[in-house]
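Structure data (compact mmCIF, N, CA and C atoms) from query20.txt:
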```
# COMPACT_ATOMS: atom_id res chain seq x y z
N MET A 1 -4.15 21.55 -11.93
CA MET A 1 -5.39 21.25 -11.23
C MET A 1 -5.48 22.09 -9.97
N ASN A 2 -6.69 22.48 -9.62
CA ASN A 2 -6.84 23.25 -8.40
C ASN A 2 -6.86 22.33 -7.18
N SER A 3 -6.75 22.92 -6.01
CA SER A 3 -6.62 22.12 -4.79
C SER A 3 -7.88 21.29 -4.50
N ARG A 4 -9.05 21.79 -4.87
CA ARG A 4 -10.28 21.02 -4.64
C ARG A 4 -10.28 19.76 -5.49
N THR A 5 -9.87 19.87 -6.73
CA THR A 5 -9.80 18.71 -7.62
C THR A 5 -8.76 17.71 -7.12
N LEU A 6 -7.59 18.21 -6.70
CA LEU A 6 -6.57 17.32 -6.16
C LEU A 6 -7.05 16.61 -4.91
N ASN A 7 -7.78 17.32 -4.07
CA ASN A 7 -8.32 16.71 -2.86
C ASN A 7 -9.31 15.59 -3.21
N LEU A 8 -10.16 15.84 -4.20
CA LEU A 8 -11.12 14.81 -4.62
C LEU A 8 -10.41 13.60 -5.23
N VAL A 9 -9.40 13.85 -6.04
CA VAL A 9 -8.63 12.75 -6.62
C VAL A 9 -7.94 11.95 -5.52
N SER A 10 -7.35 12.67 -4.55
CA SER A 10 -6.69 12.01 -3.43
C SER A 10 -7.68 11.12 -2.68
N TRP A 11 -8.85 11.66 -2.34
CA TRP A 11 -9.84 10.87 -1.61
C TRP A 11 -10.31 9.68 -2.43
N GLY A 12 -10.47 9.84 -3.73
CA GLY A 12 -10.86 8.71 -4.57
C GLY A 12 -9.82 7.60 -4.52
N CYS A 13 -8.55 8.00 -4.61
CA CYS A 13 -7.46 7.02 -4.54
C CYS A 13 -7.35 6.40 -3.14
N GLN A 14 -7.51 7.23 -2.11
CA GLN A 14 -7.44 6.73 -0.74
C GLN A 14 -8.53 5.67 -0.51
N ILE A 15 -9.74 5.97 -0.91
CA ILE A 15 -10.86 5.05 -0.69
C ILE A 15 -10.66 3.78 -1.51
N THR A 16 -10.23 3.91 -2.76
CA THR A 16 -9.99 2.75 -3.60
C THR A 16 -8.97 1.82 -2.95
N ALA A 17 -7.83 2.37 -2.54
CA ALA A 17 -6.78 1.55 -1.94
C ALA A 17 -7.25 0.94 -0.62
N ALA A 18 -7.93 1.73 0.22
CA ALA A 18 -8.38 1.22 1.51
C ALA A 18 -9.42 0.11 1.37
N VAL A 19 -10.32 0.25 0.41
CA VAL A 19 -11.35 -0.78 0.20
C VAL A 19 -10.69 -2.08 -0.27
N ILE A 20 -9.77 -1.99 -1.21
CA ILE A 20 -9.09 -3.21 -1.69
C ILE A 20 -8.30 -3.85 -0.55
N LEU A 21 -7.55 -3.04 0.19
CA LEU A 21 -6.79 -3.58 1.32
C LEU A 21 -7.71 -4.23 2.34
N GLY A 22 -8.82 -3.56 2.65
CA GLY A 22 -9.77 -4.10 3.63
C GLY A 22 -10.42 -5.38 3.17
N GLN A 23 -10.75 -5.45 1.89
CA GLN A 23 -11.41 -6.64 1.35
C GLN A 23 -10.48 -7.85 1.42
N THR A 24 -9.20 -7.68 1.17
CA THR A 24 -8.28 -8.81 1.18
C THR A 24 -7.94 -9.28 2.59
N LEU A 25 -8.21 -8.44 3.59
CA LEU A 25 -7.93 -8.84 4.97
C LEU A 25 -8.74 -10.06 5.39
N PHE A 26 -9.97 -10.14 4.92
CA PHE A 26 -10.82 -11.28 5.26
C PHE A 26 -10.12 -12.58 4.90
N PHE A 27 -9.52 -12.63 3.72
CA PHE A 27 -8.87 -13.85 3.26
C PHE A 27 -7.61 -14.16 4.05
N LYS A 28 -6.88 -13.12 4.42
CA LYS A 28 -5.66 -13.34 5.20
C LYS A 28 -5.98 -13.79 6.62
N PHE A 29 -6.91 -13.12 7.27
CA PHE A 29 -7.19 -13.41 8.68
C PHE A 29 -8.04 -14.66 8.89
N THR A 30 -8.73 -15.14 7.86
CA THR A 30 -9.51 -16.37 8.00
C THR A 30 -8.77 -17.57 7.43
N ALA A 31 -7.53 -17.39 7.04
CA ALA A 31 -6.69 -18.46 6.49
C ALA A 31 -7.36 -19.11 5.28
N ALA A 32 -7.83 -18.28 4.36
CA ALA A 32 -8.41 -18.78 3.12
C ALA A 32 -7.36 -19.61 2.38
N PRO A 33 -7.79 -20.67 1.70
CA PRO A 33 -6.83 -21.55 1.01
C PRO A 33 -5.86 -20.82 0.08
N GLU A 34 -6.33 -19.79 -0.61
CA GLU A 34 -5.45 -19.04 -1.51
C GLU A 34 -4.34 -18.35 -0.74
N SER A 35 -4.70 -17.73 0.38
CA SER A 35 -3.70 -17.03 1.19
C SER A 35 -2.70 -18.01 1.79
N VAL A 36 -3.20 -19.11 2.31
CA VAL A 36 -2.31 -20.12 2.89
C VAL A 36 -1.36 -20.66 1.82
N TYR A 37 -1.88 -20.92 0.64
CA TYR A 37 -1.06 -21.41 -0.47
C TYR A 37 0.05 -20.42 -0.80
N ILE A 38 -0.31 -19.14 -0.95
CA ILE A 38 0.67 -18.12 -1.32
C ILE A 38 1.78 -18.03 -0.29
N PHE A 39 1.42 -17.93 0.97
CA PHE A 39 2.44 -17.73 2.00
C PHE A 39 3.22 -19.01 2.30
N THR A 40 2.62 -20.18 2.01
CA THR A 40 3.36 -21.44 2.12
C THR A 40 4.41 -21.51 1.02
N ARG A 41 4.02 -21.14 -0.20
CA ARG A 41 4.98 -21.13 -1.32
C ARG A 41 6.15 -20.20 -1.05
N VAL A 42 5.86 -19.08 -0.40
CA VAL A 42 6.92 -18.11 -0.11
C VAL A 42 7.75 -18.54 1.10
N GLY A 43 7.18 -19.44 1.92
CA GLY A 43 7.89 -19.96 3.08
C GLY A 43 7.71 -19.15 4.34
N ILE A 44 6.65 -18.37 4.42
CA ILE A 44 6.44 -17.54 5.62
C ILE A 44 5.02 -17.68 6.18
N GLU A 45 4.42 -18.84 6.00
CA GLU A 45 3.08 -19.11 6.54
C GLU A 45 3.24 -19.58 7.98
N PRO A 46 2.50 -19.15 8.96
CA PRO A 46 1.39 -18.21 8.96
C PRO A 46 1.81 -16.78 9.30
N TYR A 47 3.07 -16.61 9.78
CA TYR A 47 3.48 -15.31 10.28
C TYR A 47 3.50 -14.22 9.20
N GLY A 48 3.93 -14.57 8.01
CA GLY A 48 3.93 -13.61 6.92
C GLY A 48 2.53 -13.20 6.52
N ARG A 49 1.62 -14.16 6.51
CA ARG A 49 0.22 -13.87 6.15
C ARG A 49 -0.41 -12.94 7.18
N ILE A 50 -0.24 -13.26 8.44
CA ILE A 50 -0.84 -12.45 9.50
C ILE A 50 -0.13 -11.10 9.60
N GLY A 51 1.20 -11.10 9.51
CA GLY A 51 1.96 -9.84 9.58
C GLY A 51 1.62 -8.89 8.45
N SER A 52 1.54 -9.43 7.24
CA SER A 52 1.19 -8.55 6.11
C SER A 52 -0.25 -8.08 6.24
N GLY A 53 -1.12 -8.92 6.79
CA GLY A 53 -2.51 -8.50 7.03
C GLY A 53 -2.58 -7.35 8.01
N ILE A 54 -1.78 -7.41 9.06
CA ILE A 54 -1.76 -6.33 10.05
C ILE A 54 -1.22 -5.05 9.41
N ALA A 55 -0.15 -5.17 8.63
CA ALA A 55 0.41 -3.98 7.94
C ALA A 55 -0.62 -3.37 7.00
N GLU A 56 -1.35 -4.21 6.28
CA GLU A 56 -2.36 -3.71 5.35
C GLU A 56 -3.54 -3.08 6.08
N LEU A 57 -3.90 -3.63 7.24
CA LEU A 57 -4.97 -3.04 8.05
C LEU A 57 -4.55 -1.65 8.53
N ILE A 58 -3.33 -1.53 9.02
CA ILE A 58 -2.82 -0.23 9.47
C ILE A 58 -2.79 0.76 8.30
N ALA A 59 -2.33 0.30 7.14
CA ALA A 59 -2.28 1.17 5.96
C ALA A 59 -3.67 1.66 5.58
N ALA A 60 -4.65 0.76 5.60
CA ALA A 60 -6.03 1.14 5.24
C ALA A 60 -6.58 2.19 6.20
N VAL A 61 -6.34 2.01 7.49
CA VAL A 61 -6.82 2.97 8.48
C VAL A 61 -6.13 4.32 8.30
N LEU A 62 -4.82 4.30 8.09
CA LEU A 62 -4.08 5.55 7.90
C LEU A 62 -4.50 6.26 6.62
N LEU A 63 -4.77 5.51 5.57
CA LEU A 63 -5.23 6.12 4.31
C LEU A 63 -6.52 6.90 4.50
N LEU A 64 -7.35 6.46 5.42
CA LEU A 64 -8.64 7.13 5.64
C LEU A 64 -8.58 8.17 6.75
N THR A 65 -7.38 8.41 7.29
CA THR A 65 -7.17 9.43 8.32
C THR A 65 -6.46 10.62 7.68
N PRO A 66 -7.16 11.73 7.49
CA PRO A 66 -6.58 12.86 6.73
C PRO A 66 -5.16 13.26 7.15
N ARG A 67 -4.91 13.32 8.44
CA ARG A 67 -3.59 13.78 8.89
C ARG A 67 -2.47 12.80 8.55
N TYR A 68 -2.80 11.51 8.47
CA TYR A 68 -1.78 10.49 8.25
C TYR A 68 -1.94 9.72 6.94
N ARG A 69 -2.70 10.28 6.00
CA ARG A 69 -2.90 9.56 4.73
C ARG A 69 -1.59 9.35 4.00
N TRP A 70 -0.65 10.26 4.15
CA TRP A 70 0.66 10.09 3.53
C TRP A 70 1.35 8.83 4.06
N ALA A 71 1.23 8.58 5.36
CA ALA A 71 1.86 7.40 5.97
C ALA A 71 1.17 6.13 5.49
N GLY A 72 -0.14 6.16 5.39
CA GLY A 72 -0.87 5.02 4.86
C GLY A 72 -0.47 4.72 3.43
N ALA A 73 -0.29 5.78 2.65
CA ALA A 73 0.11 5.61 1.25
C ALA A 73 1.50 4.97 1.16
N LEU A 74 2.44 5.46 1.95
CA LEU A 74 3.79 4.90 1.91
C LEU A 74 3.81 3.45 2.40
N LEU A 75 3.07 3.16 3.46
CA LEU A 75 3.00 1.78 3.97
C LEU A 75 2.35 0.86 2.95
N ALA A 76 1.26 1.31 2.33
CA ALA A 76 0.59 0.51 1.31
C ALA A 76 1.51 0.28 0.12
N MET A 77 2.25 1.31 -0.29
CA MET A 77 3.17 1.15 -1.41
C MET A 77 4.24 0.11 -1.08
N GLY A 78 4.75 0.15 0.13
CA GLY A 78 5.77 -0.82 0.54
C GLY A 78 5.25 -2.24 0.56
N THR A 79 4.09 -2.44 1.13
CA THR A 79 3.54 -3.80 1.18
C THR A 79 3.16 -4.30 -0.21
N MET A 80 2.63 -3.42 -1.04
CA MET A 80 2.27 -3.84 -2.41
C MET A 80 3.49 -4.07 -3.27
N ALA A 81 4.56 -3.31 -3.05
CA ALA A 81 5.81 -3.55 -3.78
C ALA A 81 6.33 -4.95 -3.43
N GLY A 82 6.26 -5.31 -2.16
CA GLY A 82 6.66 -6.65 -1.75
C GLY A 82 5.79 -7.73 -2.37
N ALA A 83 4.49 -7.49 -2.41
CA ALA A 83 3.57 -8.46 -3.01
C ALA A 83 3.85 -8.63 -4.50
N MET A 84 4.03 -7.52 -5.20
CA MET A 84 4.29 -7.59 -6.65
C MET A 84 5.64 -8.27 -6.93
N PHE A 85 6.64 -7.95 -6.13
CA PHE A 85 7.95 -8.57 -6.28
C PHE A 85 7.85 -10.08 -6.09
N THR A 86 7.08 -10.50 -5.10
CA THR A 86 6.90 -11.93 -4.83
C THR A 86 6.16 -12.61 -5.98
N HIS A 87 5.16 -11.93 -6.53
CA HIS A 87 4.46 -12.48 -7.68
C HIS A 87 5.43 -12.65 -8.86
N LEU A 88 6.27 -11.66 -9.09
CA LEU A 88 7.15 -11.69 -10.24
C LEU A 88 8.33 -12.67 -10.08
N THR A 89 8.73 -12.95 -8.85
CA THR A 89 9.92 -13.78 -8.64
C THR A 89 9.62 -15.19 -8.15
N VAL A 90 8.52 -15.39 -7.44
CA VAL A 90 8.26 -16.69 -6.83
C VAL A 90 6.95 -17.31 -7.32
N LEU A 91 5.88 -16.55 -7.26
CA LEU A 91 4.54 -17.09 -7.49
C LEU A 91 4.11 -17.11 -8.96
N GLY A 92 4.53 -16.13 -9.70
CA GLY A 92 3.98 -15.91 -11.03
C GLY A 92 2.80 -14.95 -10.92
N ILE A 93 2.41 -14.36 -12.03
CA ILE A 93 1.32 -13.39 -11.98
C ILE A 93 0.00 -14.07 -11.68
N GLU A 94 -0.22 -15.23 -12.25
CA GLU A 94 -1.46 -15.97 -11.98
C GLU A 94 -1.21 -16.95 -10.85
N VAL A 95 -2.10 -16.92 -9.85
CA VAL A 95 -1.98 -17.81 -8.70
C VAL A 95 -3.29 -18.58 -8.55
N MET A 96 -3.18 -19.89 -8.55
CA MET A 96 -4.34 -20.78 -8.36
C MET A 96 -5.50 -20.42 -9.30
N GLY A 97 -5.17 -20.12 -10.54
CA GLY A 97 -6.20 -19.85 -11.53
C GLY A 97 -6.95 -18.54 -11.38
N ASP A 98 -6.34 -17.55 -10.71
CA ASP A 98 -7.03 -16.27 -10.49
C ASP A 98 -6.93 -15.32 -11.67
N ARG A 99 -6.26 -15.75 -12.74
CA ARG A 99 -6.08 -14.95 -13.96
C ARG A 99 -5.37 -13.61 -13.67
N GLY A 100 -4.54 -13.59 -12.64
CA GLY A 100 -3.76 -12.40 -12.31
C GLY A 100 -4.48 -11.38 -11.45
N LEU A 101 -5.64 -11.74 -10.90
CA LEU A 101 -6.43 -10.78 -10.12
C LEU A 101 -5.67 -10.23 -8.92
N LEU A 102 -5.01 -11.09 -8.15
CA LEU A 102 -4.29 -10.60 -6.97
C LEU A 102 -3.16 -9.66 -7.37
N PHE A 103 -2.45 -9.98 -8.43
CA PHE A 103 -1.39 -9.09 -8.91
C PHE A 103 -1.98 -7.76 -9.35
N ASP A 104 -3.08 -7.82 -10.09
CA ASP A 104 -3.74 -6.59 -10.55
C ASP A 104 -4.19 -5.72 -9.38
N LEU A 105 -4.76 -6.34 -8.35
CA LEU A 105 -5.21 -5.57 -7.17
C LEU A 105 -4.02 -4.92 -6.47
N ALA A 106 -2.91 -5.65 -6.35
CA ALA A 106 -1.70 -5.08 -5.74
C ALA A 106 -1.21 -3.88 -6.55
N LEU A 107 -1.25 -4.00 -7.87
CA LEU A 107 -0.82 -2.91 -8.74
C LEU A 107 -1.74 -1.69 -8.60
N ILE A 108 -3.04 -1.93 -8.53
CA ILE A 108 -4.00 -0.82 -8.35
C ILE A 108 -3.76 -0.11 -7.03
N VAL A 109 -3.57 -0.88 -5.94
CA VAL A 109 -3.32 -0.27 -4.64
C VAL A 109 -2.01 0.52 -4.67
N PHE A 110 -0.98 -0.05 -5.30
CA PHE A 110 0.31 0.65 -5.39
C PHE A 110 0.15 1.97 -6.11
N LEU A 111 -0.50 1.95 -7.28
CA LEU A 111 -0.64 3.18 -8.07
C LEU A 111 -1.54 4.21 -7.39
N ALA A 112 -2.63 3.75 -6.76
CA ALA A 112 -3.51 4.67 -6.03
C ALA A 112 -2.75 5.29 -4.86
N SER A 113 -1.96 4.49 -4.16
CA SER A 113 -1.18 5.00 -3.03
C SER A 113 -0.08 5.95 -3.49
N LEU A 114 0.51 5.66 -4.64
CA LEU A 114 1.51 6.57 -5.20
C LEU A 114 0.88 7.92 -5.49
N ALA A 115 -0.31 7.91 -6.06
CA ALA A 115 -1.01 9.17 -6.34
C ALA A 115 -1.28 9.93 -5.04
N VAL A 116 -1.71 9.23 -4.00
CA VAL A 116 -1.96 9.88 -2.70
C VAL A 116 -0.67 10.48 -2.16
N ALA A 117 0.42 9.73 -2.24
CA ALA A 117 1.70 10.23 -1.73
C ALA A 117 2.17 11.46 -2.50
N VAL A 118 2.01 11.46 -3.80
CA VAL A 118 2.44 12.60 -4.62
C VAL A 118 1.57 13.82 -4.34
N ILE A 119 0.26 13.61 -4.30
CA ILE A 119 -0.65 14.73 -4.06
C ILE A 119 -0.42 15.34 -2.68
N ASN A 120 -0.13 14.50 -1.70
CA ASN A 120 0.04 14.95 -0.31
C ASN A 120 1.50 15.01 0.11
N ARG A 121 2.41 15.16 -0.84
CA ARG A 121 3.84 15.10 -0.54
C ARG A 121 4.28 16.16 0.46
N ARG A 122 3.63 17.28 0.51
CA ARG A 122 4.05 18.34 1.45
C ARG A 122 3.73 17.99 2.90
N ALA A 123 2.89 17.00 3.11
CA ALA A 123 2.56 16.56 4.47
C ALA A 123 3.57 15.55 5.00
N ILE A 124 4.41 15.00 4.13
CA ILE A 124 5.41 14.03 4.56
C ILE A 124 6.51 14.80 5.29
N PRO A 125 6.75 14.48 6.57
CA PRO A 125 7.64 15.31 7.39
C PRO A 125 9.01 15.60 6.77
N VAL A 126 9.71 14.61 6.27
CA VAL A 126 11.05 14.84 5.71
C VAL A 126 10.96 15.75 4.50
N LEU A 127 10.00 15.51 3.63
CA LEU A 127 9.86 16.34 2.44
C LEU A 127 9.39 17.75 2.78
N GLU A 128 8.60 17.87 3.82
CA GLU A 128 8.12 19.19 4.25
C GLU A 128 9.29 20.04 4.73
N VAL A 129 10.23 19.45 5.45
CA VAL A 129 11.40 20.18 5.93
C VAL A 129 12.24 20.64 4.75
N VAL A 130 12.44 19.78 3.78
CA VAL A 130 13.23 20.13 2.59
C VAL A 130 12.53 21.23 1.80
N ALA A 131 11.21 21.15 1.68
CA ALA A 131 10.46 22.15 0.91
C ALA A 131 10.54 23.53 1.57
N ARG A 132 10.56 23.55 2.91
CA ARG A 132 10.63 24.83 3.62
C ARG A 132 11.97 25.53 3.42
N ASN A 133 13.06 24.75 3.41
CA ASN A 133 14.38 25.34 3.30
C ASN A 133 15.25 24.46 2.41
N PRO A 134 15.14 24.57 1.11
CA PRO A 134 15.87 23.67 0.21
C PRO A 134 17.38 23.88 0.24
N GLN A 135 17.87 25.01 0.75
CA GLN A 135 19.31 25.28 0.76
C GLN A 135 20.01 24.61 1.96
N LYS A 136 19.23 24.34 3.03
CA LYS A 136 19.82 23.77 4.23
C LYS A 136 19.91 22.26 4.09
N PRO A 137 21.07 21.66 4.42
CA PRO A 137 21.20 20.20 4.34
C PRO A 137 20.22 19.53 5.31
N LEU A 138 19.67 18.39 4.90
CA LEU A 138 18.72 17.67 5.72
C LEU A 138 19.39 17.16 6.99
N PHE A 139 20.60 16.63 6.87
CA PHE A 139 21.35 16.13 8.02
C PHE A 139 22.62 16.94 8.12
N SER A 140 22.82 17.55 9.26
CA SER A 140 24.04 18.34 9.42
C SER A 140 24.68 18.01 10.75
N ASP A 141 25.97 18.31 10.85
CA ASP A 141 26.72 18.00 12.07
C ASP A 141 26.41 18.98 13.16
```

Whole structure given in structure tokens:
Amino acid sequence: MNSRTLNLVSWGCQITAAVILGQTLFFKFTAAPESVYIFTRVGIEPYGRIGSGIAELIAAVLLLTPRYRWAGALLAMGTMAGAMFTHLTVLGIEVMGDRGLLFDLALIVFLASLAVAVINRRAIPVLEVVARNPQKPLFSD
């Protein structure tokens, strides 16, 4: 794919992930019954709900900031990995009759963010250093 196509795919994924993250913030910050239930079951209500909401807000903003979209992608992947792990180990895929919607949204954000991270991998500082000089050790004495 050419760079213009990759840029368009990246922006599509960035916007998709940011919109989903932004939409779910309303439920976290207004203490919607579903959010309170989830974080109570996990044992981290209200701090986990508010903390994850703040992390997701930061991820959404970074995803829409060209210079830092890689950071937003990595942060979103981390928070969504935690959400999916919690669904698989504690909550179950379906929560309060949602037919798996929350799990599906977490998976979509994770995959969209993974695509953003892969497409923009050269902007990630550690990977950029390795790409410039693959023969030099990353950490040296």

Hey, could you make a per-residue contact list for stretch 33-63 of chain A against stretch 72-91 of chain A with 10 Å as the cut-off, showing the nearest pair of atoms and its distance in Å to one decimal, counting only C-alpha atoms, sorted by chain and number, as CSV?
```
residue,atom,partner,partner_atom,distance
A:Tyr37,CA,A:Leu91,CA,10.0
A:Ile38,CA,A:Leu91,CA,7.4
A:Phe39,CA,A:Leu91,CA,9.7
A:Arg41,CA,A:Leu91,CA,7.4
A:Val42,CA,A:Val90,CA,7.0
A:Ser52,CA,A:Thr79,CA,7.2
A:Gly53,CA,A:Thr79,CA,9.6
A:Ala55,CA,A:Thr79,CA,7.5
A:Glu56,CA,A:Ala76,CA,6.5
A:Leu57,CA,A:Ala76,CA,9.4
A:Ile58,CA,A:Gly72,CA,7.3
A:Ala59,CA,A:Gly72,CA,4.2
A:Ala60,CA,A:Gly72,CA,6.5
A:Val61,CA,A:Gly72,CA,7.3
A:Leu62,CA,A:Gly72,CA,4.5
A:Leu63,CA,A:Gly72,CA,4.5
```

What are the closest atom pairs, with distances in Å to one decimal, for all residues of stretch 105-131 of chain A lying within 7 Å of stretch 5-23 of chain A? Consider only N, CA and C atoms, order rows by chain and residue number, and present the result as CSV.
```
residue,atom,partner,partner_atom,distance
A:Ile108,C,A:Ala17,CA,6.1
A:Val109,CA,A:Ala17,CA,4.8
A:Phe110,N,A:Ala17,CA,6.9
A:Ala112,CA,A:Cys13,CA,4.8
A:Ser113,N,A:Cys13,C,5.8
A:Ala115,C,A:Ser10,CA,6.0
A:Val116,CA,A:Ser10,CA,5.2
A:Ile119,CA,A:Ser10,CA,6.7
```

*Show which residues sit within 12 Å of A:Thr30, as a VMD selection string. Count only C-alpha atoms, and ignore same-chain residues fewer than 4 positions away.*
chain A and resid 23 to 26 34 to 36 46 49 to 50 53

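Between atom CA of A:Leu114 and atom C of A:Arg4 lies a distance of 17.7 Å.
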
Mind running stretch 12-111 of chain A against stretch 121-127 of chain A at 8 Å and telling me each contacting residue's nearest atom pair with the distance in Å (one decimal), counting all atoms listed in the file, chain and number ascending, as JSON lines?
```
{"residue": "A:Arg67", "atom": "C", "partner": "A:Ala123", "partner_atom": "CA", "distance": 7.5}
{"residue": "A:Trp70", "atom": "CA", "partner": "A:Ile124", "partner_atom": "N", "distance": 6.2}
{"residue": "A:Ala71", "atom": "N", "partner": "A:Ile124", "partner_atom": "CA", "distance": 6.9}
```

*Looking only at helix (DSSP H, G or I) from DSSP on the backbone, list the matching residues of chain A as an MDAnalysis selection string.*
chainID A and resid 3:29 33:42 47:63 66:91 101:119 121:123 125:132

*Grab the atom CA of A:Lys28 to atom C of A:Arg99 distance for me, in Å with one decimal place.*
18.9 Å
